[in-house]
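Shown next, in C-alpha cells, is the structure this report addresses.
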Amino acid sequence: MRVTHRIHSLDCAGESESPSFLLSNKRGGYFSITADESPSEANSRYEGLHLGVAEKDGFALYKTVESIYPLGITPTEAVVRPGMATRKYDAVLENFHFQRNSLIYEIQNFDGEVALLLDCRGIYDFDDKDRNYTIRRKGKHIVIEYRKYRFDPHNDYQKRLDYTLYVVIHGAGKYREVGEWKKRWYPYEERRGSPPSELWVYDALRFRSDRDLRLVVSVGMSENEAVLESEYFAGSAGKLKEYLARKEQRLHSLIPKRMLDEYEKKLRPANRDLEYAPDPEMLIAYLHAIDSLDGLIIRSDHQERVFAGFPWFFQVWTRDEAICLKALLNRDQTTLVKDIINRHLKEMRPDGRVPSRFPVTSLGSADGVGWVFRRLFDLVKKGKQAQELERHISLSELAFFADILSYSLKHLEKHHTTADGFATNGPLETWMDTNADSDTTRSGIRVEICALRLAMYNLRKILAHLLKNDEDRMRYEHIEQVLLGKTRNLLFDGSMLADGFDTNLDRTVRPNVFLAHYIYPKLLAGKEWEKVIEGAIRHLWLEWGGFATIDRKSRYFCPRHTGQDNRSYHLGDSWYFVNNIAALVMLRTNARLFSARIRHVMLASANDILYQGFLGHPSEVSDAERQSPGGCLCQAWSAATFAELFDEAFR
C-alpha cells in the first residue's frame with residue numbers, strides 16, 4: 001500500500017506491506033488502527049482506542065473502541081502527519097486524531113454508513129462471559145455503558161460487577177443500532193504465538209454520513225468523565241487544525257537551517273567524514289522519532305515518566321528510560337532529565353541497585369543503576385560544556401549525587417562484585433534477559449556491566465573534582481585505573497573483546513561490545529576499538545542494515561523472530577536501539593572507515609519508522625534474515641537512539 005509522510009514542507013512516499021497507525025495522548029492511552037486495504041479487518045488485538053488509567057502501582061489500560069470505518073469502500077493510501085492519521089479512498093478522506101481521552105474522527109466526501117465496533121475490556125481481560133453493553137441517547141450525546149461481571153470468589157452463585165467503561169459519542173446525526181457479536185481474527189497475534197488470536201467484539205452502531213461527518217468519541221471510567229471529554233472537543237475543529245499546524249512547525253524547526261540547505265541544494269554535509277547528506281526520508285524519520293518518543297512521555301501524579309513502548313510496554317523500565325534520556329538532553333529538556341534521574345536514585349536499594357521497573361517486578365537488573373548514573377554523567381557534561389552547570393545542578397545537588405553514588409558503589413562492591421573487583425550479575429539480569437538454555441543466561445562478569453561500573457567510578461571522580469574534594473578524586477581515580485587494567489587483561493586479547501567471563505571466558509560474539517564502547521570508550525584505544533568493531537561486523541552484520549544479537553554461526557542463532565516465546569529475542573533478533581548505538585560507536589571511532597555501515601543502519605532504521613509496523617514509530621526488533629517489524633511496534637529507546645544518532649551525525 002502507498003504511504004505518504006508529510007511534516008510541514010517535507011514529504012516522502014513509499015510502499016508498505018501491512019501498515020497500521022498509532023496515536024498517543026500522553027496520558028497513558030493510545031489509539032491504533034489498520035491502514036491497509038481492508039479497514040473492516042484487524043491486524044492485532046492491540047488495535048483500537050485504549051484508555052490509560054493511573055493506579056497506585058502503575059498504569060492500567062482499558063480497551064474501548066475496536067474499530068471505526070466506512071462501509072463499501074477500500075483505502076488506496078495512508079497519510080501520516082504528526083498527531084494525525086489519514087486513510088484516503090480516492091476522493092474520500094478519513095482523518096483520525098487522538099488527544100486527552102477523545103478520538104476525533106472525520107470523514108469527507110462520503111455518502112454512506114460508518115461502522116463502530118466495540119471491544120470494551122481490560123487489555124489482558126480475555127474472559128468473554130458476562131459482558132454487557134447498553135446504548136442510549138442523552139441530549140447531544142450517544143452514551144454507551146459497558147459492564148463486566150464476574151462470579152464472586154466467595155459465593156459461586158453470586159455475580160459481582162467487576163468494572164464499568166463508558167464511550168460517549170458527539171456529532172452523530174442519523175444512526176442505527178446493530179447490536180451483534182462478531183468474532184475477529186488477529187493475524188499478528190497468531191504469528192507471534194500470543195493467544196488468543198480470536199476474540200468476540202460488539203458490532204454496535206452505524207452512522208450515516210451525508211458527504212461529511214465529524215464524530216468525537218470520548219472514553220472514561222465514569223459517564224460524567226466521558227461526557228465532559230466529549231464536550232471539550234465538540235466545537236474544536238478550528239482549534240484542532242491550529243494545534244496540529246503548530247505541532248508540525250515545532251518539529252520542523254528542530255532541523256537546523258544549514259541541514260535544510262544541505263538537503264535542498266544537495267550539498268556535502270558539515271560532517272566531512274560522512275560521505276552523504278540526509279535525504280527527505282531520513283529527515284522525516286528523525287522528526288517522527290522525536291515525536292514518537294514525546295508521545296511516550298506520560299504525565300501522572302505530577303511526574304513525567306517514559307513508557308517503554310506501546311502497545312504492551314506501558315510500564316517504566318529503568319534501563320529503557322535511562323537510555324532515552326540522552327535524546328531528551330539533546331532537546332534541552334534538562335529539568336525533565338534531572339527529575340527522572342532523581343526519581344530513580346530515590347529508589348536505591350540496600351544492594352546498591354535500583355528497581356528494574358515501575359511497577360516493580362521480580363526480574364533483576366544489573367545495568368539499570370549504571371545507566372541512570374551514565375545519564376547523570378551526560379547531564380553534568382552538558383552543563384560543563386555550556387559553562388552553566390550551576391544553573392542545571394546546584395552544589396547541594398552535586399553533593400547528594402556524590403553521596404548516593406558512593407552508597408551505590410559501596411553496596412555493589414559488597415553484593416555484586418567478585419573478589420578481584422569485577423562487577424558481576426546473576427542469570428538474565430542484563431538487557432539480554434531471555435535465554436535458550438543455561439549457556440545463554442549471561443551470568444558472571446559481562447562486558448557492558450563492567451563498562452557501567454567503570455563509568456560509575458569515573459563519574460564519582462568527576463563529582464569529587466567539582467566538589468573540590470581531592471582525597472575522593474584521587475581515591476576513585478585509582479580504583480578506576482586499577483579496574484580498567486584488570487578488565488582489559490581479562491576480556492581483551494588484542495583483537496577481540498570477549499562478551500564476558502563466568503567459569504570460562506565467553507568468546508561468543510554479541511553486540512554488547514558496542515554498548516561497552518558507548519558507555520565507557522576509555523576501555524580500549526581507538527585502533528583497538530576498530531579491530532573489535534570489524535570483528536563484530538564479520539560475525540553479526542545483517543545485509544539489510546542491522547546487527548544480530550548473537551554470532552550468525554552460533555548453534556543458538558534464530559534467523560526469524562519467534563514471537564512471544566522470546567527464544568529469538570536475544571539469539572538472533574536485531575534490536576533497533578542496539579543498531580543505532582552501534583552506528584554511533586562507529587561514527588565516534590572512525591566515521592570515514594565505517595561510513596557505509598553507518599548510512600546503512602540509518603536507512604534501515606528510517607525505513608522501519610516510515611514504512612513498517614506502526615507508521616511513524618520505530619519497532620522494537622526485526623527478524624535477522626530480513627527486515628521485518630517485530631515485538632512491540634512503538635519502542636521508546638529505538639526512537640531515542642535514532643534521534644541521538646541523527647543529532648550526532650548531522651547537527
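By convention in this document, the chains of the C-alpha cells carry letters A, B, ... by their order, each chain's residues are numbered from 1, and ligands are numbered from 1 in the order they are shown.
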
Requested in this report: Identify, on the basis of only C-alpha atoms, every residue whose closest approach to A:Leu412 does not exceed 8 Å; exclude the query and any residue fewer than 6 positions from it along the same chain; express the result as a ChimeraX atom specification.
Outcome: /A:351-353,423

Report task. Name the residues of stretch 190-324 of chain A that come out as strand (DSSP E) in a backbone DSSP run; write them as a ChimeraX atom specification. Result -> /A:198-220,297-300,303-306,309-310,316-317

Write out as a Markdown table the residues of stretch 325-426 of chain A that have any atom within 9 Å of an atom of stretch 481-490 of chain A, one row each with the nearest atom pair and its distance in Å to one decimal, counting only C-alpha atoms, sorted by chain and then rising number.
```
| residue | atom | partner | partner_atom | distance |
| --- | --- | --- | --- | --- |
| A:Asp420 | CA | A:Lys486 | CA | 8.5 |
| A:Gly421 | CA | A:Leu483 | CA | 6.9 |
| A:Phe422 | CA | A:Leu483 | CA | 7.4 |
```

Keeping only N, CA and C atoms, write those residues as an mmCIF file, in the first residue's frame.
```
data_model
loop_
_atom_site.group_PDB
_atom_site.id
_atom_site.type_symbol
_atom_site.label_atom_id
_atom_site.label_comp_id
_atom_site.auth_asym_id
_atom_site.auth_seq_id
_atom_site.Cartn_x
_atom_site.Cartn_y
_atom_site.Cartn_z
ATOM 1 N N ASP A 420 38.064 -10.060 42.907
ATOM 2 C CA ASP A 420 39.038 -9.302 42.120
ATOM 3 C C ASP A 420 38.546 -7.913 41.740
ATOM 4 N N GLY A 421 37.313 -7.564 42.119
ATOM 5 C CA GLY A 421 36.807 -6.222 41.865
ATOM 6 C C GLY A 421 35.943 -6.075 40.638
ATOM 7 N N PHE A 422 35.606 -7.197 39.963
ATOM 8 C CA PHE A 422 34.792 -7.115 38.753
ATOM 9 C C PHE A 422 33.297 -7.078 39.090
#
```

Report task. May I ask which of the residues A:His97, A:Arg375, A:Arg206, A:Arg87 is the closest one to A:Ala237, counting only C-alpha atoms? Result ->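 Ranking A:His97, A:Arg375, A:Arg206, A:Arg87 by distance to A:Ala237, first place goes to A:His97.
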
Using only C-alpha atoms, find each residue in stretch 81-134 of chain A having at least one atom no more than 10 Å away from stretch 61-70 of chain A; report its shortest atom-to-atom pair and that distance in Å (one decimal), rows by chain then rising number, as JSON lines.
```
{"residue": "A:Arg87", "atom": "CA", "partner": "A:Tyr69", "partner_atom": "CA", "distance": 9.8}
{"residue": "A:Tyr89", "atom": "CA", "partner": "A:Pro70", "partner_atom": "CA", "distance": 9.9}
{"residue": "A:Val92", "atom": "CA", "partner": "A:Pro70", "partner_atom": "CA", "distance": 9.9}
{"residue": "A:Glu94", "atom": "CA", "partner": "A:Tyr69", "partner_atom": "CA", "distance": 8.5}
{"residue": "A:Phe96", "atom": "CA", "partner": "A:Ile68", "partner_atom": "CA", "distance": 10.0}
{"residue": "A:Leu103", "atom": "CA", "partner": "A:Val65", "partner_atom": "CA", "distance": 9.7}
{"residue": "A:Tyr105", "atom": "CA", "partner": "A:Ile68", "partner_atom": "CA", "distance": 8.6}
{"residue": "A:Ile107", "atom": "CA", "partner": "A:Pro70", "partner_atom": "CA", "distance": 8.5}
{"residue": "A:Phe110", "atom": "CA", "partner": "A:Pro70", "partner_atom": "CA", "distance": 8.3}
{"residue": "A:Asp111", "atom": "CA", "partner": "A:Pro70", "partner_atom": "CA", "distance": 9.4}
{"residue": "A:Gly112", "atom": "CA", "partner": "A:Pro70", "partner_atom": "CA", "distance": 7.3}
{"residue": "A:Glu113", "atom": "CA", "partner": "A:Pro70", "partner_atom": "CA", "distance": 5.9}
{"residue": "A:Val114", "atom": "CA", "partner": "A:Pro70", "partner_atom": "CA", "distance": 4.2}
{"residue": "A:Ala115", "atom": "CA", "partner": "A:Tyr69", "partner_atom": "CA", "distance": 5.5}
{"residue": "A:Leu116", "atom": "CA", "partner": "A:Ile68", "partner_atom": "CA", "distance": 4.7}
{"residue": "A:Leu117", "atom": "CA", "partner": "A:Ser67", "partner_atom": "CA", "distance": 5.2}
{"residue": "A:Leu118", "atom": "CA", "partner": "A:Val65", "partner_atom": "CA", "distance": 4.4}
{"residue": "A:Asp119", "atom": "CA", "partner": "A:Glu66", "partner_atom": "CA", "distance": 5.1}
{"residue": "A:Cys120", "atom": "CA", "partner": "A:Thr64", "partner_atom": "CA", "distance": 4.1}
{"residue": "A:Arg121", "atom": "CA", "partner": "A:Lys63", "partner_atom": "CA", "distance": 5.4}
{"residue": "A:Gly122", "atom": "CA", "partner": "A:Tyr62", "partner_atom": "CA", "distance": 4.3}
{"residue": "A:Ile123", "atom": "CA", "partner": "A:Tyr62", "partner_atom": "CA", "distance": 5.2}
{"residue": "A:Tyr124", "atom": "CA", "partner": "A:Leu61", "partner_atom": "CA", "distance": 8.6}
{"residue": "A:Asp125", "atom": "CA", "partner": "A:Tyr62", "partner_atom": "CA", "distance": 9.0}
```

Which residues are near A:Asn101? Cut-off 7 Å, only C-alpha atoms, ignore same chain within fewer than 3 positions. Put them as a PDB file with C-alpha atoms, in the first residue's frame.
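And here's out-v7.pdb as it stands now:
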```pdb
ATOM      1  CA  LEU A  51      -7.840   4.403  27.985  1.00  0.00           C
ATOM      2  CA  SER A 218     -14.683  10.041  24.230  1.00  0.00           C
ATOM      3  CA  VAL A 219     -13.977   7.371  26.827  1.00  0.00           C
ATOM      4  CA  GLU A 229     -14.306  14.970  27.456  1.00  0.00           C
TER       5      GLU A 229
END
```

**Report entry** Exercise: A:Ala54 partners within 8 Å, only C-alpha atoms, chain neighbours under 6 positions left out, as a PyMOL selection string
**Finding:** chain A and resi 28+60+300

How about saving the chosen residues, N, CA and C atoms kept, as a JSON list (two decimals), in the first residue's frame?
```
[["chain", "number", "residue", "atom", "x", "y", "z"],
["A", 28, "GLY", "N", -1.09, 7.99, 28.86],
["A", 28, "GLY", "CA", -1.01, 6.55, 29.06],
["A", 28, "GLY", "C", -1.91, 5.76, 28.15],
["A", 60, "ALA", "N", -2.98, 1.07, 34.28],
["A", 60, "ALA", "CA", -3.83, 0.04, 33.68],
["A", 60, "ALA", "C", -4.32, 0.57, 32.35],
["A", 300, "SER", "N", 1.82, 11.83, 35.13],
["A", 300, "SER", "CA", 0.91, 11.26, 36.13],
["A", 300, "SER", "C", 1.46, 11.55, 37.52]]
```

Neighbours of A:Asn330 within 10 Å (only C-alpha atoms; same-chain residues fewer than 2 positions away dropped), as a PDB file with C-alpha atoms, in the first residue's frame?
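Generated output (part27.pdb):
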```
ATOM      1  CA  LEU A 325      17.454  10.500  28.375  1.00  0.00           C
ATOM      2  CA  LYS A 326      20.329  11.496  26.091  1.00  0.00           C
ATOM      3  CA  ALA A 327      17.870  12.284  23.286  1.00  0.00           C
ATOM      4  CA  LEU A 328      15.942  14.481  25.737  1.00  0.00           C
ATOM      5  CA  ASP A 332      17.500  20.778  26.147  1.00  0.00           C
ATOM      6  CA  GLN A 333      14.983  19.050  28.425  1.00  0.00           C
ATOM      7  CA  THR A 334      17.459  19.172  31.301  1.00  0.00           C
ATOM      8  CA  LYS A 382      26.252  19.152  29.169  1.00  0.00           C
ATOM      9  CA  ALA A 643      17.294  10.696  17.209  1.00  0.00           C
ATOM     10  CA  GLU A 644      20.593  10.701  19.113  1.00  0.00           C
ATOM     11  CA  ASP A 647      21.849  14.531  16.033  1.00  0.00           C
ATOM     12  CA  GLU A 648      25.461  13.453  16.257  1.00  0.00           C
TER      13      GLU A 648
END
```

**Report entry** Between atom CA of A:Ala308 and atom CA of A:Leu296, distance in Å (one decimal)
**Finding:** 7.4 Å

Report task. Give the alpha helix (DSSP H) residues of stretch 117-281 of chain A, as DSSP finds them on the backbone, and put them as JSON, numbers by chain. Result -> {"A": [187, 188, 189, 190, 191, 192, 223, 224, 225, 226, 227, 228, 229, 230, 231, 232, 233, 237, 238, 239, 240, 241, 242, 243, 244, 245, 246, 247, 248, 249, 250, 251, 252, 257, 258, 259, 260, 261, 262, 263, 264, 265, 280, 281]}

Keeping only N, CA and C atoms, write those residues as a short mmCIF file (atom, residue, chain, number, x, y, z; two decimals), in the first residue's frame.
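Written out: result.cif:
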```cif
data_model
loop_
_atom_site.label_atom_id
_atom_site.label_comp_id
_atom_site.auth_asym_id
_atom_site.auth_seq_id
_atom_site.Cartn_x
_atom_site.Cartn_y
_atom_site.Cartn_z
N PRO A 187 -4.21 -11.71 12.95
CA PRO A 187 -3.08 -12.45 12.40
C PRO A 187 -1.75 -12.15 13.09
N TYR A 188 -1.55 -10.93 13.63
CA TYR A 188 -0.27 -10.62 14.27
C TYR A 188 -0.09 -11.48 15.52
N GLU A 189 -1.14 -11.65 16.30
CA GLU A 189 -1.04 -12.50 17.49
C GLU A 189 -0.85 -13.96 17.11
N GLU A 190 -1.47 -14.38 16.02
CA GLU A 190 -1.27 -15.76 15.58
C GLU A 190 0.18 -16.00 15.18
N ARG A 191 0.77 -15.03 14.44
CA ARG A 191 2.18 -15.17 14.05
C ARG A 191 3.10 -15.16 15.26
N ARG A 192 2.77 -14.36 16.26
CA ARG A 192 3.61 -14.25 17.46
C ARG A 192 3.41 -15.42 18.42
N GLU A 223 -19.44 7.98 33.41
CA GLU A 223 -20.20 8.65 32.36
C GLU A 223 -19.88 10.14 32.34
N ASN A 224 -19.83 10.75 33.51
CA ASN A 224 -19.57 12.19 33.58
C ASN A 224 -18.20 12.52 33.00
N GLU A 225 -17.21 11.71 33.31
CA GLU A 225 -15.86 11.92 32.79
C GLU A 225 -15.86 11.90 31.26
N ALA A 226 -16.54 10.92 30.68
CA ALA A 226 -16.57 10.79 29.22
C ALA A 226 -17.37 11.92 28.57
N VAL A 227 -18.48 12.34 29.20
CA VAL A 227 -19.30 13.43 28.65
C VAL A 227 -18.52 14.74 28.66
N LEU A 228 -17.81 15.03 29.74
CA LEU A 228 -17.01 16.25 29.81
C LEU A 228 -15.93 16.25 28.74
N GLU A 229 -15.30 15.10 28.52
CA GLU A 229 -14.31 14.97 27.46
C GLU A 229 -14.93 15.30 26.10
N SER A 230 -16.11 14.73 25.85
CA SER A 230 -16.79 14.93 24.57
C SER A 230 -17.12 16.40 24.34
N GLU A 231 -17.62 17.06 25.37
CA GLU A 231 -17.99 18.47 25.23
C GLU A 231 -16.77 19.36 25.01
N TYR A 232 -15.63 18.97 25.56
CA TYR A 232 -14.41 19.76 25.39
C TYR A 232 -14.03 19.86 23.92
N PHE A 233 -14.22 18.76 23.17
CA PHE A 233 -13.80 18.74 21.77
C PHE A 233 -14.94 18.96 20.79
N ALA A 237 -12.97 22.06 16.03
CA ALA A 237 -12.37 21.72 14.73
C ALA A 237 -11.31 22.74 14.32
N GLY A 238 -11.61 24.03 14.46
CA GLY A 238 -10.64 25.05 14.07
C GLY A 238 -9.41 25.04 14.96
N LYS A 239 -9.63 24.93 16.29
CA LYS A 239 -8.51 24.89 17.22
C LYS A 239 -7.63 23.67 16.98
N LEU A 240 -8.28 22.58 16.62
CA LEU A 240 -7.52 21.35 16.39
C LEU A 240 -6.58 21.52 15.20
N LYS A 241 -7.05 22.13 14.15
CA LYS A 241 -6.19 22.37 12.98
C LYS A 241 -5.01 23.26 13.34
N GLU A 242 -5.28 24.30 14.15
CA GLU A 242 -4.20 25.18 14.59
C GLU A 242 -3.19 24.42 15.44
N TYR A 243 -3.68 23.56 16.33
CA TYR A 243 -2.79 22.76 17.18
C TYR A 243 -1.89 21.87 16.35
N LEU A 244 -2.46 21.19 15.36
CA LEU A 244 -1.68 20.28 14.53
C LEU A 244 -0.66 21.05 13.68
N ALA A 245 -1.05 22.22 13.19
CA ALA A 245 -0.12 23.05 12.41
C ALA A 245 1.05 23.50 13.28
N ARG A 246 0.77 23.92 14.51
CA ARG A 246 1.84 24.34 15.42
C ARG A 246 2.76 23.16 15.76
N LYS A 247 2.19 22.00 15.92
CA LYS A 247 2.97 20.80 16.22
C LYS A 247 3.95 20.51 15.09
N GLU A 248 3.48 20.59 13.86
CA GLU A 248 4.36 20.36 12.70
C GLU A 248 5.46 21.42 12.63
N GLN A 249 5.09 22.67 12.86
CA GLN A 249 6.08 23.75 12.80
C GLN A 249 7.16 23.58 13.86
N ARG A 250 6.74 23.17 15.09
CA ARG A 250 7.72 22.96 16.16
C ARG A 250 8.70 21.85 15.79
N LEU A 251 8.18 20.77 15.26
CA LEU A 251 9.06 19.67 14.85
C LEU A 251 10.00 20.10 13.73
N HIS A 252 9.43 20.76 12.73
CA HIS A 252 10.22 21.18 11.58
C HIS A 252 11.33 22.14 12.01
N LYS A 257 18.84 25.22 9.88
CA LYS A 257 18.77 25.76 8.52
C LYS A 257 19.90 25.22 7.66
N ARG A 258 21.09 25.07 8.25
CA ARG A 258 22.22 24.52 7.49
C ARG A 258 21.87 23.14 6.93
N MET A 259 21.20 22.32 7.75
CA MET A 259 20.87 20.98 7.30
C MET A 259 19.83 21.01 6.19
N LEU A 260 18.85 21.91 6.31
CA LEU A 260 17.85 22.04 5.24
C LEU A 260 18.50 22.50 3.95
N ASP A 261 19.48 23.39 4.06
CA ASP A 261 20.21 23.84 2.86
C ASP A 261 20.97 22.67 2.24
N GLU A 262 21.58 21.85 3.08
CA GLU A 262 22.30 20.67 2.57
C GLU A 262 21.34 19.76 1.81
N TYR A 263 20.16 19.58 2.39
CA TYR A 263 19.17 18.70 1.77
C TYR A 263 18.64 19.29 0.46
N GLU A 264 18.25 20.58 0.50
CA GLU A 264 17.62 21.19 -0.68
C GLU A 264 18.61 21.40 -1.82
N LYS A 265 19.86 21.73 -1.48
CA LYS A 265 20.86 22.02 -2.51
C LYS A 265 21.80 20.84 -2.75
N PRO A 280 15.26 13.38 2.32
CA PRO A 280 13.99 13.72 2.98
C PRO A 280 13.44 12.60 3.84
N GLU A 281 13.63 11.34 3.42
CA GLU A 281 13.12 10.24 4.22
C GLU A 281 13.80 10.19 5.58
#
```

**Report entry** Selection: 12 Å around A:Gly383, only C-alpha atoms, excl. self and same-chain fewer than 3 positions, as JSON, numbers by chain
**Finding:** {"A": [329, 330, 332, 334, 335, 338, 376, 377, 378, 379, 380, 386, 387, 388, 389, 390, 391, 392, 393, 394, 466]}

Can you list every residue of stretch 554-614 of chain A that has an atom at most 8 Å from stretch 518-527 of chain A, with its nearest atom pair and the distance in Å to one decimal, using only C-alpha atoms, ordered by chain then number, as a tab-separated table?
```
residue	atom	partner	partner_atom	distance
A:Ile581	CA	A:Tyr518	CA	7.1
A:Leu584	CA	A:Tyr518	CA	7.8
A:Val585	CA	A:Tyr518	CA	6.1
A:Thr589	CA	A:Gly526	CA	6.2
```

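Nearest to A:Arg6 of all the residues A:Asp367, A:Leu610, A:Asn580, A:Lys182 is A:Leu610, based on only C-alpha atoms.
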
Requested in this report: Can you pull out every residue within 9 Å of A:Asp130, counting only C-alpha atoms, but drop anything in the same chain fewer than 4 positions away, and send it as a ChimeraX atom specification?
Outcome: /A:147-150

Query raised in the report: Which value, in Å to one decimal, gives the distance between atom CA of A:Ser443 and atom CA of A:Thr424?
Result: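 That distance, rounded to one decimal, is 7.4 Å.
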